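Reading through the structure tokens given below for one structure.
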Amino acid sequence: MKDSMIRGADIVVRSLIAENAEIIFGYPGGAIMPVYDALHDYHDQLRHVLTRHEQGAIHAAQGYARVSGKVGVCIATSGPGATNLITGLADAQIDSTPLVCITGQVASHLLGTDAFQETDVVGISMPATKWNIQVRRVEDIASAIAKGFYIAKSGRPGPVLIDITKDAQTNFGEFNYSKCLGFRSYRTHIPVEKTAIQEAAFLINMAKRPYLLFGQGVVLGEAEEELKAFLDKSGIPAASTLLGSGALSEDHPNYVGKLGMHGNYAPNLLTNQCDVLIAVGMRFDDRVTGDLKRYAKQAKVIHLELDPAEINKIVKCEVAVLGSCKDSLSLLADAVNVNAYPDWMAKFQELADQENATVIQPDLKPTKPGLTMGEVIHQINQYKADDAILVTDVGQHQMIAWRYFNYKKPRTQVTSGGLGTMGFALPAALGAQMYDFSRQVVCVVGDGGIQMTIQELGTIMQTKAPVKIVLLNNNFLGMVRQWQQMFFDKRYSFTELDNPDFVKIAEAYSIQAQKVTERGDLQEAIEDMLIHDGPYFLEVVVEKEDNVFPMIATGCSVEEVRLS
Amino acid sequence: MKRYTIFVITENFIGILNRITIIFTRRGINIDALTASESRLEGIHRITIEVTASEDTVIQLVNQIEKIIDVIKAFYHEDESVVYQEIALYKIPVSRLDGGLEKIIRQHNAKIIAAEPDFVVLELTGHKEQTQELLEILKGYGLLEFARSGRVAVAKRMLTIDSFVK
């Protein structure tokens with residue numbers, strides 16, 4: 001054996017370092033132990049965060065990836081360790097989050113024998129990954145990791161899983177790392193067609209009521225400046241999807257609000273009054289479109305999209321502009337006329353005023369006794385930094401926090417959009433914070449969701465990550481309860497929770513905690529939390545049976561958006 | 001609903017077939033037949049899938065298949081724009097042979113490819129309608145076993161896979 005040969009496990013770690021991974025989230029176990037042994041030698045170059053559950057590790061990697069724009073990395077052992085990653089993989093797949101997940105696998109001679117902690121993780125994870133592979137030979141480790149990082153980050157990003165047998169980790173091989181720069185079956189760069197730009201510009205220049213919808217594609221394509229420049233010139237009103245929030249400052253004059261089931265009134269309703277609809281880096285999720293048969297039928301649709309499979313998948317478009325929206329938006333900005341649509345913008349304003357009077361003011365400045373979720377977010381807005389990151393879980397609090405949080409910078413929004421994964425927020429906030437301890441990370445979470453991954457308070461304790469956790473506690477699975485109230489005759493079937501003393505739990509993890517039940521104490525509590533040096537847990541007891549409005553009920557059209 | 005042939009040009013990568021078939025399963029679409037083979041180029045495989053669906057659905061399927069990292073190219077054709085064949089084998093007990101069978105074999109252009117003491121095996125190559133017709137007839141001869149391959153097909157269009165493999 002040559003002196004230059006090293007263990008497969010060392011190759012794993014050195015490959016990660018070669019890919020500029022700085023931090024990985026994981027949990028050890030039998031089949032991944034050689035890699036953990038190798039990590040011990042490299043802890044000055046590669047930081048490992050021990051979560052309390054593999055699901056926590058992958059959500060943390062997601063939070064890290066979403067905030068940093070880098071590939072999130074997590075590692076787990078075979079069998080249950082690997083299967084615990086599946087929810088996070090599915091979440092990252094549907095939200096296009098770049099991840100490389102490494103799982104240990106039983107030794108190759110045991111594959112297929114139902115060995116201890118053996119599971120077919122490549123098979124199980126196939127529908128939930130952009131790409132996956134099992135590595136059975138030490139000489140294939142480095143190239144698989146190189147390819148994995150390339151696939152995860154390039155094109156439309158997504159999660160990659162690399163399953164490495166234990167013998168591949170313990171055998172010795174040469175380490176010659178070369179980064180993957182592409183391969184023939186996978187094209188990442190799609191040049192924008194000039195004719196598509198001309199056709200799109202023609203439609204836009206003729207339009208009387210053009211309307212732009214932007215999604216996370218703008219953030220993933222780093223096209224925030226191009227979007228702003230296009231809007232500045234074209235004068236077109238623009239609305240954001242859930243994951244698009246942050247791509248454009250909400251202070252921008254063309255910004256008219258948010259789309260979707262609990263988005264703003266005007267942006268949803270006026271979708272059915274525009275004459276040209278420009279969709280940028282978004283995929284017409286059913287939560288955005290409502291009833292598809294009655295969605296923007298009057299409009300000519302222009303779709304700027306990187307993924308060819310999204311074109312005409314849900315909404316048939318007049319003009320498809322394939323390619324990165326960074327390229328297409330800047331080409332389109334050159335091709336469109338300088339314009340303004342004062343009457344059209346006034347319509348948005350008129351409806352926004354209605355929403356403000358009926359929904360927003362009662363949410364943010366309530367006169368009834370119970371605390372609202374909205375006023376908590378409103379208070380956070382008063383004291384947060386401009387680049388504060390909001391991490392939310394799933395449910396009523398998610399919609400309220402998204403509606404009222406004042407997004408000013410890209411990559412300040414971390415939430416589980418497509419999959420709607422309860423339990424996402426706490427570990428994702430930890431991961432976001434691990435990227436940068438100096439940034440404000442506010443984790444807004446409900447009493448249902450936090451209990452799905454509450455064990456990650458232990459990871460926050462151990463890392464001292466200064467996450468500010470705001471628990472909006474209504475002692476209900478609030479969103480399900482709202483649906484039960486509205487669509488199931490108030491039959492509150494298994495949605496009321498008897499909750500533990502959350503403050504005591506946080507304190508048991510040595511996290512400073514406070515509980516607010518009165519409006520008068522809220523402002524000071526939020527100020528205390530945001531200036532606190534270190535993690536902080538703030539429980540706010542909110543009104544039990546508040547509902548989130550506006551709302552487009554299932555099966556309804558965007559123009560049937562309700563204010564109450 | 002119409003019958004379509006989907007061609008997939010792919011790297012020879014473990015699990016690729018699985019990745020392709022779950023695209024159908026997830027949408028509740030049945031694959032009528034599937035064949036996989038090497039292509040003219042080394043290391044590149046071609047998979048031929050026969051499916052009955054609307055054109056909109058087939059376009060979605062092809063887009064999703066082409067999105068698979070190790071798939072080089074996927075496209076679809078209607079029956080009219082492909083040349084295709086299927087092979088069928090019929091196993092018949094010797095005890096049921098009679099003079100009528102010779103006529104059937106001649107009429108259908110079938111071949112006897114094996115003769116054992118207890119049974120003979122007939123082979124017919126053609127379109128499904130043809131092999132199906134013979135199947136119905138041979139059921140009257142105590143047919144013991146029947147097997148039909150998936151479709152092997154080439155496109156009529158003058159495009160070679162080399163143009164996708166650069």
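Identifiers in this document derive from the order of the structure tokens: chains are assigned A, B, ..., residues are numbered from 1 separately in each chain, and ligands are numbered from 1 in order of occurrence.
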
#### Entry: Residue contacts of Gln198 of chain A (10 Å, only C-alpha atoms) excluding same-chain residues fewer than 3 positions away, as a ChimeraX atom specification
/A:193-195,201-204,319,331-332,335-336

Identify all residues of chain B in strand (DSSP E or B) (DSSP on the backbone) and supply them as a PDB file with N, CA and C atoms, in the first residue's frame.
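Ended up saving to part_9.pdb:
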ATOM      1  N   LYS B   2     -54.552   8.212 -26.531  1.00  0.00           N
ATOM      2  CA  LYS B   2     -53.947   7.686 -27.744  1.00  0.00           C
ATOM      3  C   LYS B   2     -52.720   6.884 -27.341  1.00  0.00           C
ATOM      4  N   ARG B   3     -52.251   6.045 -28.268  1.00  0.00           N
ATOM      5  CA  ARG B   3     -51.061   5.264 -27.930  1.00  0.00           C
ATOM      6  C   ARG B   3     -49.813   6.022 -28.382  1.00  0.00           C
ATOM      7  N   TYR B   4     -48.865   6.168 -27.474  1.00  0.00           N
ATOM      8  CA  TYR B   4     -47.627   6.883 -27.777  1.00  0.00           C
ATOM      9  C   TYR B   4     -46.424   6.005 -27.454  1.00  0.00           C
ATOM     10  N   THR B   5     -45.352   6.254 -28.183  1.00  0.00           N
ATOM     11  CA  THR B   5     -44.073   5.609 -27.864  1.00  0.00           C
ATOM     12  C   THR B   5     -43.131   6.688 -27.342  1.00  0.00           C
ATOM     13  N   ILE B   6     -42.621   6.465 -26.149  1.00  0.00           N
ATOM     14  CA  ILE B   6     -41.652   7.400 -25.570  1.00  0.00           C
ATOM     15  C   ILE B   6     -40.271   6.778 -25.693  1.00  0.00           C
ATOM     16  N   PHE B   7     -39.342   7.503 -26.253  1.00  0.00           N
ATOM     17  CA  PHE B   7     -37.950   7.061 -26.329  1.00  0.00           C
ATOM     18  C   PHE B   7     -37.143   7.793 -25.273  1.00  0.00           C
ATOM     19  N   VAL B   8     -36.314   7.061 -24.572  1.00  0.00           N
ATOM     20  CA  VAL B   8     -35.433   7.689 -23.588  1.00  0.00           C
ATOM     21  C   VAL B   8     -34.007   7.273 -23.900  1.00  0.00           C
ATOM     22  N   ILE B   9     -33.155   8.249 -24.111  1.00  0.00           N
ATOM     23  CA  ILE B   9     -31.728   7.993 -24.341  1.00  0.00           C
ATOM     24  C   ILE B   9     -31.037   8.323 -23.020  1.00  0.00           C
ATOM     25  N   THR B  10     -30.332   7.364 -22.469  1.00  0.00           N
ATOM     26  CA  THR B  10     -29.846   7.558 -21.103  1.00  0.00           C
ATOM     27  C   THR B  10     -28.458   6.964 -20.877  1.00  0.00           C
ATOM     28  N   GLU B  11     -27.797   7.520 -19.872  1.00  0.00           N
ATOM     29  CA  GLU B  11     -26.558   6.896 -19.400  1.00  0.00           C
ATOM     30  C   GLU B  11     -26.921   5.549 -18.781  1.00  0.00           C
ATOM     31  N   ILE B  31     -47.861   1.748 -17.571  1.00  0.00           N
ATOM     32  CA  ILE B  31     -46.964   1.553 -18.710  1.00  0.00           C
ATOM     33  C   ILE B  31     -47.456   0.317 -19.456  1.00  0.00           C
ATOM     34  N   ASP B  32     -47.811   0.465 -20.733  1.00  0.00           N
ATOM     35  CA  ASP B  32     -48.308  -0.685 -21.490  1.00  0.00           C
ATOM     36  C   ASP B  32     -47.184  -1.677 -21.765  1.00  0.00           C
ATOM     37  N   ALA B  33     -46.029  -1.187 -22.115  1.00  0.00           N
ATOM     38  CA  ALA B  33     -44.881  -2.067 -22.359  1.00  0.00           C
ATOM     39  C   ALA B  33     -43.609  -1.256 -22.263  1.00  0.00           C
ATOM     40  N   LEU B  34     -42.534  -1.938 -21.940  1.00  0.00           N
ATOM     41  CA  LEU B  34     -41.265  -1.243 -21.771  1.00  0.00           C
ATOM     42  C   LEU B  34     -40.128  -2.163 -22.201  1.00  0.00           C
ATOM     43  N   THR B  35     -39.215  -1.649 -22.980  1.00  0.00           N
ATOM     44  CA  THR B  35     -38.015  -2.422 -23.296  1.00  0.00           C
ATOM     45  C   THR B  35     -36.803  -1.537 -23.079  1.00  0.00           C
ATOM     46  N   ALA B  36     -35.713  -2.176 -22.698  1.00  0.00           N
ATOM     47  CA  ALA B  36     -34.476  -1.434 -22.509  1.00  0.00           C
ATOM     48  C   ALA B  36     -33.377  -2.184 -23.246  1.00  0.00           C
ATOM     49  N   SER B  37     -32.512  -1.454 -23.887  1.00  0.00           N
ATOM     50  CA  SER B  37     -31.406  -2.116 -24.573  1.00  0.00           C
ATOM     51  C   SER B  37     -30.237  -1.156 -24.718  1.00  0.00           C
ATOM     52  N   GLU B  38     -29.109  -1.707 -25.156  1.00  0.00           N
ATOM     53  CA  GLU B  38     -27.982  -0.839 -25.478  1.00  0.00           C
ATOM     54  C   GLU B  38     -28.325  -0.089 -26.764  1.00  0.00           C
ATOM     55  N   ILE B  44     -24.370   4.044 -23.776  1.00  0.00           N
ATOM     56  CA  ILE B  44     -25.657   4.745 -23.823  1.00  0.00           C
ATOM     57  C   ILE B  44     -26.774   3.737 -24.066  1.00  0.00           C
ATOM     58  N   HIS B  45     -27.781   3.815 -23.227  1.00  0.00           N
ATOM     59  CA  HIS B  45     -28.907   2.890 -23.338  1.00  0.00           C
ATOM     60  C   HIS B  45     -30.121   3.598 -23.892  1.00  0.00           C
ATOM     61  N   ARG B  46     -30.980   2.821 -24.498  1.00  0.00           N
ATOM     62  CA  ARG B  46     -32.253   3.409 -24.910  1.00  0.00           C
ATOM     63  C   ARG B  46     -33.389   2.598 -24.305  1.00  0.00           C
ATOM     64  N   ILE B  47     -34.376   3.320 -23.859  1.00  0.00           N
ATOM     65  CA  ILE B  47     -35.535   2.700 -23.245  1.00  0.00           C
ATOM     66  C   ILE B  47     -36.738   3.110 -24.079  1.00  0.00           C
ATOM     67  N   THR B  48     -37.552   2.134 -24.415  1.00  0.00           N
ATOM     68  CA  THR B  48     -38.737   2.416 -25.213  1.00  0.00           C
ATOM     69  C   THR B  48     -39.958   2.113 -24.359  1.00  0.00           C
ATOM     70  N   ILE B  49     -40.820   3.087 -24.214  1.00  0.00           N
ATOM     71  CA  ILE B  49     -41.983   2.929 -23.345  1.00  0.00           C
ATOM     72  C   ILE B  49     -43.244   3.168 -24.171  1.00  0.00           C
ATOM     73  N   GLU B  50     -44.167   2.230 -24.037  1.00  0.00           N
ATOM     74  CA  GLU B  50     -45.431   2.396 -24.733  1.00  0.00           C
ATOM     75  C   GLU B  50     -46.481   2.790 -23.695  1.00  0.00           C
ATOM     76  N   VAL B  51     -47.239   3.823 -24.002  1.00  0.00           N
ATOM     77  CA  VAL B  51     -48.184   4.319 -23.014  1.00  0.00           C
ATOM     78  C   VAL B  51     -49.432   4.835 -23.721  1.00  0.00           C
ATOM     79  N   THR B  52     -50.572   4.652 -23.081  1.00  0.00           N
ATOM     80  CA  THR B  52     -51.822   5.180 -23.631  1.00  0.00           C
ATOM     81  C   THR B  52     -52.249   6.355 -22.750  1.00  0.00           C
ATOM     82  N   ALA B  53     -52.273   7.534 -23.339  1.00  0.00           N
ATOM     83  CA  ALA B  53     -52.579   8.734 -22.549  1.00  0.00           C
ATOM     84  C   ALA B  53     -52.919   9.877 -23.490  1.00  0.00           C
ATOM     85  N   VAL B  71     -30.538  11.170 -17.659  1.00  0.00           N
ATOM     86  CA  VAL B  71     -31.212  11.013 -18.956  1.00  0.00           C
ATOM     87  C   VAL B  71     -30.660  12.052 -19.919  1.00  0.00           C
ATOM     88  N   ILE B  72     -30.265  11.576 -21.094  1.00  0.00           N
ATOM     89  CA  ILE B  72     -29.680  12.492 -22.081  1.00  0.00           C
ATOM     90  C   ILE B  72     -30.790  13.186 -22.876  1.00  0.00           C
ATOM     91  N   LYS B  73     -31.777  12.412 -23.281  1.00  0.00           N
ATOM     92  CA  LYS B  73     -32.848  12.997 -24.080  1.00  0.00           C
ATOM     93  C   LYS B  73     -34.076  12.102 -23.993  1.00  0.00           C
ATOM     94  N   ALA B  74     -35.227  12.703 -23.988  1.00  0.00           N
ATOM     95  CA  ALA B  74     -36.469  11.932 -24.058  1.00  0.00           C
ATOM     96  C   ALA B  74     -37.379  12.599 -25.071  1.00  0.00           C
ATOM     97  N   PHE B  75     -38.076  11.808 -25.864  1.00  0.00           N
ATOM     98  CA  PHE B  75     -39.059  12.365 -26.781  1.00  0.00           C
ATOM     99  C   PHE B  75     -40.153  11.348 -27.027  1.00  0.00           C
ATOM    100  N   TYR B  76     -41.220  11.794 -27.679  1.00  0.00           N
ATOM    101  CA  TYR B  76     -42.348  10.888 -27.870  1.00  0.00           C
ATOM    102  C   TYR B  76     -42.830  10.933 -29.311  1.00  0.00           C
ATOM    103  N   HIS B  77     -43.488   9.858 -29.701  1.00  0.00           N
ATOM    104  CA  HIS B  77     -44.024   9.760 -31.053  1.00  0.00           C
ATOM    105  C   HIS B  77     -45.402   9.127 -31.026  1.00  0.00           C
ATOM    106  N   GLU B  78     -46.204   9.486 -32.004  1.00  0.00           N
ATOM    107  CA  GLU B  78     -47.426   8.730 -32.247  1.00  0.00           C
ATOM    108  C   GLU B  78     -47.057   7.494 -33.057  1.00  0.00           C
ATOM    109  N   VAL B  82     -43.419   6.030 -35.988  1.00  0.00           N
ATOM    110  CA  VAL B  82     -42.370   5.079 -35.594  1.00  0.00           C
ATOM    111  C   VAL B  82     -42.551   3.765 -36.349  1.00  0.00           C
ATOM    112  N   VAL B  83     -41.431   3.082 -36.544  1.00  0.00           N
ATOM    113  CA  VAL B  83     -41.473   1.708 -37.044  1.00  0.00           C
ATOM    114  C   VAL B  83     -41.247   0.822 -35.835  1.00  0.00           C
ATOM    115  N   TYR B  84     -42.175  -0.096 -35.591  1.00  0.00           N
ATOM    116  CA  TYR B  84     -42.053  -0.859 -34.362  1.00  0.00           C
ATOM    117  C   TYR B  84     -42.434  -2.317 -34.584  1.00  0.00           C
ATOM    118  N   GLN B  85     -41.942  -3.161 -33.734  1.00  0.00           N
ATOM    119  CA  GLN B  85     -42.225  -4.587 -33.778  1.00  0.00           C
ATOM    120  C   GLN B  85     -42.310  -5.133 -32.360  1.00  0.00           C
ATOM    121  N   GLU B  86     -43.076  -6.194 -32.243  1.00  0.00           N
ATOM    122  CA  GLU B  86     -43.104  -6.944 -30.975  1.00  0.00           C
ATOM    123  C   GLU B  86     -42.972  -8.412 -31.333  1.00  0.00           C
ATOM    124  N   ILE B  87     -42.437  -9.180 -30.422  1.00  0.00           N
ATOM    125  CA  ILE B  87     -42.306 -10.622 -30.670  1.00  0.00           C
ATOM    126  C   ILE B  87     -43.172 -11.359 -29.652  1.00  0.00           C
ATOM    127  N   ALA B  88     -43.844 -12.408 -30.142  1.00  0.00           N
ATOM    128  CA  ALA B  88     -44.682 -13.190 -29.232  1.00  0.00           C
ATOM    129  C   ALA B  88     -44.336 -14.668 -29.373  1.00  0.00           C
ATOM    130  N   LEU B  89     -44.352 -15.374 -28.256  1.00  0.00           N
ATOM    131  CA  LEU B  89     -44.106 -16.818 -28.241  1.00  0.00           C
ATOM    132  C   LEU B  89     -45.342 -17.524 -27.690  1.00  0.00           C
ATOM    133  N   TYR B  90     -45.690 -18.659 -28.332  1.00  0.00           N
ATOM    134  CA  TYR B  90     -46.881 -19.426 -27.945  1.00  0.00           C
ATOM    135  C   TYR B  90     -46.466 -20.868 -27.727  1.00  0.00           C
ATOM    136  N   LYS B  91     -46.801 -21.419 -26.585  1.00  0.00           N
ATOM    137  CA  LYS B  91     -46.437 -22.814 -26.288  1.00  0.00           C
ATOM    138  C   LYS B  91     -47.703 -23.668 -26.348  1.00  0.00           C
ATOM    139  N   ILE B  92     -47.667 -24.690 -27.217  1.00  0.00           N
ATOM    140  CA  ILE B  92     -48.869 -25.486 -27.472  1.00  0.00           C
ATOM    141  C   ILE B  92     -48.576 -26.966 -27.229  1.00  0.00           C
ATOM    142  N   PRO B  93     -49.476 -27.680 -26.565  1.00  0.00           N
ATOM    143  CA  PRO B  93     -49.216 -29.104 -26.309  1.00  0.00           C
ATOM    144  C   PRO B  93     -49.298 -29.923 -27.616  1.00  0.00           C
ATOM    145  N   LYS B 111     -43.698 -19.044 -37.024  1.00  0.00           N
ATOM    146  CA  LYS B 111     -42.648 -20.051 -37.177  1.00  0.00           C
ATOM    147  C   LYS B 111     -42.706 -20.997 -35.988  1.00  0.00           C
ATOM    148  N   ILE B 112     -42.330 -22.261 -36.260  1.00  0.00           N
ATOM    149  CA  ILE B 112     -42.109 -23.163 -35.127  1.00  0.00           C
ATOM    150  C   ILE B 112     -40.634 -23.050 -34.787  1.00  0.00           C
ATOM    151  N   ILE B 113     -40.333 -22.616 -33.579  1.00  0.00           N
ATOM    152  CA  ILE B 113     -38.915 -22.434 -33.257  1.00  0.00           C
ATOM    153  C   ILE B 113     -38.402 -23.505 -32.309  1.00  0.00           C
ATOM    154  N   ALA B 114     -39.297 -24.311 -31.731  1.00  0.00           N
ATOM    155  CA  ALA B 114     -38.845 -25.417 -30.897  1.00  0.00           C
ATOM    156  C   ALA B 114     -39.899 -26.516 -30.938  1.00  0.00           C
ATOM    157  N   ALA B 115     -39.448 -27.740 -30.959  1.00  0.00           N
ATOM    158  CA  ALA B 115     -40.373 -28.881 -30.901  1.00  0.00           C
ATOM    159  C   ALA B 115     -39.837 -29.873 -29.887  1.00  0.00           C
ATOM    160  N   PHE B 119     -44.460 -30.491 -26.321  1.00  0.00           N
ATOM    161  CA  PHE B 119     -45.007 -29.209 -26.788  1.00  0.00           C
ATOM    162  C   PHE B 119     -44.194 -28.647 -27.959  1.00  0.00           C
ATOM    163  N   VAL B 120     -44.816 -27.711 -28.661  1.00  0.00           N
ATOM    164  CA  VAL B 120     -44.077 -26.938 -29.654  1.00  0.00           C
ATOM    165  C   VAL B 120     -44.195 -25.459 -29.290  1.00  0.00           C
ATOM    166  N   VAL B 121     -43.217 -24.667 -29.742  1.00  0.00           N
ATOM    167  CA  VAL B 121     -43.260 -23.223 -29.495  1.00  0.00           C
ATOM    168  C   VAL B 121     -43.325 -22.501 -30.833  1.00  0.00           C
ATOM    169  N   LEU B 122     -44.360 -21.667 -30.984  1.00  0.00           N
ATOM    170  CA  LEU B 122     -44.493 -20.851 -32.182  1.00  0.00           C
ATOM    171  C   LEU B 122     -44.006 -19.436 -31.873  1.00  0.00           C
ATOM    172  N   GLU B 123     -43.503 -18.814 -32.917  1.00  0.00           N
ATOM    173  CA  GLU B 123     -43.077 -17.421 -32.765  1.00  0.00           C
ATOM    174  C   GLU B 123     -43.749 -16.574 -33.821  1.00  0.00           C
ATOM    175  N   LEU B 124     -44.205 -15.420 -33.420  1.00  0.00           N
ATOM    176  CA  LEU B 124     -44.742 -14.464 -34.391  1.00  0.00           C
ATOM    177  C   LEU B 124     -44.214 -13.077 -34.052  1.00  0.00           C
ATOM    178  N   THR B 125     -43.722 -12.405 -35.064  1.00  0.00           N
ATOM    179  CA  THR B 125     -43.243 -11.046 -34.881  1.00  0.00           C
ATOM    180  C   THR B 125     -44.156 -10.108 -35.657  1.00  0.00           C
ATOM    181  N   GLY B 126     -44.547  -9.030 -35.014  1.00  0.00           N
ATOM    182  CA  GLY B 126     -45.434  -8.096 -35.707  1.00  0.00           C
ATOM    183  C   GLY B 126     -45.972  -7.066 -34.763  1.00  0.00           C
ATOM    184  N   GLU B 145     -48.711 -21.572 -22.701  1.00  0.00           N
ATOM    185  CA  GLU B 145     -48.021 -20.369 -22.235  1.00  0.00           C
ATOM    186  C   GLU B 145     -47.985 -19.357 -23.351  1.00  0.00           C
ATOM    187  N   PHE B 146     -48.017 -18.092 -22.971  1.00  0.00           N
ATOM    188  CA  PHE B 146     -47.931 -17.018 -23.963  1.00  0.00           C
ATOM    189  C   PHE B 146     -47.077 -15.903 -23.386  1.00  0.00           C
ATOM    190  N   ALA B 147     -46.175 -15.391 -24.207  1.00  0.00           N
ATOM    191  CA  ALA B 147     -45.387 -14.239 -23.758  1.00  0.00           C
ATOM    192  C   ALA B 147     -45.188 -13.297 -24.933  1.00  0.00           C
ATOM    193  N   ARG B 148     -45.323 -11.983 -24.611  1.00  0.00           N
ATOM    194  CA  ARG B 148     -45.133 -11.004 -25.682  1.00  0.00           C
ATOM    195  C   ARG B 148     -44.155  -9.945 -25.184  1.00  0.00           C
ATOM    196  N   VAL B 152     -40.193  -2.806 -29.614  1.00  0.00           N
ATOM    197  CA  VAL B 152     -38.906  -2.215 -30.001  1.00  0.00           C
ATOM    198  C   VAL B 152     -39.228  -1.307 -31.173  1.00  0.00           C
ATOM    199  N   ALA B 153     -38.658  -0.131 -31.163  1.00  0.00           N
ATOM    200  CA  ALA B 153     -39.083   0.838 -32.164  1.00  0.00           C
ATOM    201  C   ALA B 153     -37.940   1.748 -32.560  1.00  0.00           C
ATOM    202  N   VAL B 154     -38.015   2.236 -33.770  1.00  0.00           N
ATOM    203  CA  VAL B 154     -37.122   3.311 -34.209  1.00  0.00           C
ATOM    204  C   VAL B 154     -38.003   4.397 -34.819  1.00  0.00           C
ATOM    205  N   ALA B 155     -37.518   5.629 -34.686  1.00  0.00           N
ATOM    206  CA  ALA B 155     -38.314   6.740 -35.213  1.00  0.00           C
ATOM    207  C   ALA B 155     -38.109   6.874 -36.715  1.00  0.00           C
TER     208      ALA B 155
END

### Task
Mind the document's chain letters and residue numbers, and return as an MDAnalysis selection string the residues of segment 83-135 of chain A that DSSP labels helix (DSSP H, G or I).
chainID A and resid 83 86:94 108:110 121:128

Can I get the residues of segment 285-358 of chain A within 10 Å of segment 145-167 of chain A, each with the closest pair of atoms and their distance in Å to one decimal, using only C-alpha atoms, sorted chain first then ascending number, as JSON lines?
{"residue": "A:Glu305", "atom": "CA", "partner": "A:Arg156", "partner_atom": "CA", "distance": 9.8}
{"residue": "A:Leu306", "atom": "CA", "partner": "A:Arg156", "partner_atom": "CA", "distance": 6.9}
{"residue": "A:Asp307", "atom": "CA", "partner": "A:Arg156", "partner_atom": "CA", "distance": 6.6}
{"residue": "A:Gly323", "atom": "CA", "partner": "A:Gly155", "partner_atom": "CA", "distance": 9.4}
{"residue": "A:Ser324", "atom": "CA", "partner": "A:Gly155", "partner_atom": "CA", "distance": 8.5}

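Using only C-alpha atoms, the shortest contact distance between Leu227 of chain A and any of A:Lys468, A:His43, A:Lys297, A:His252 is found at A:His252.
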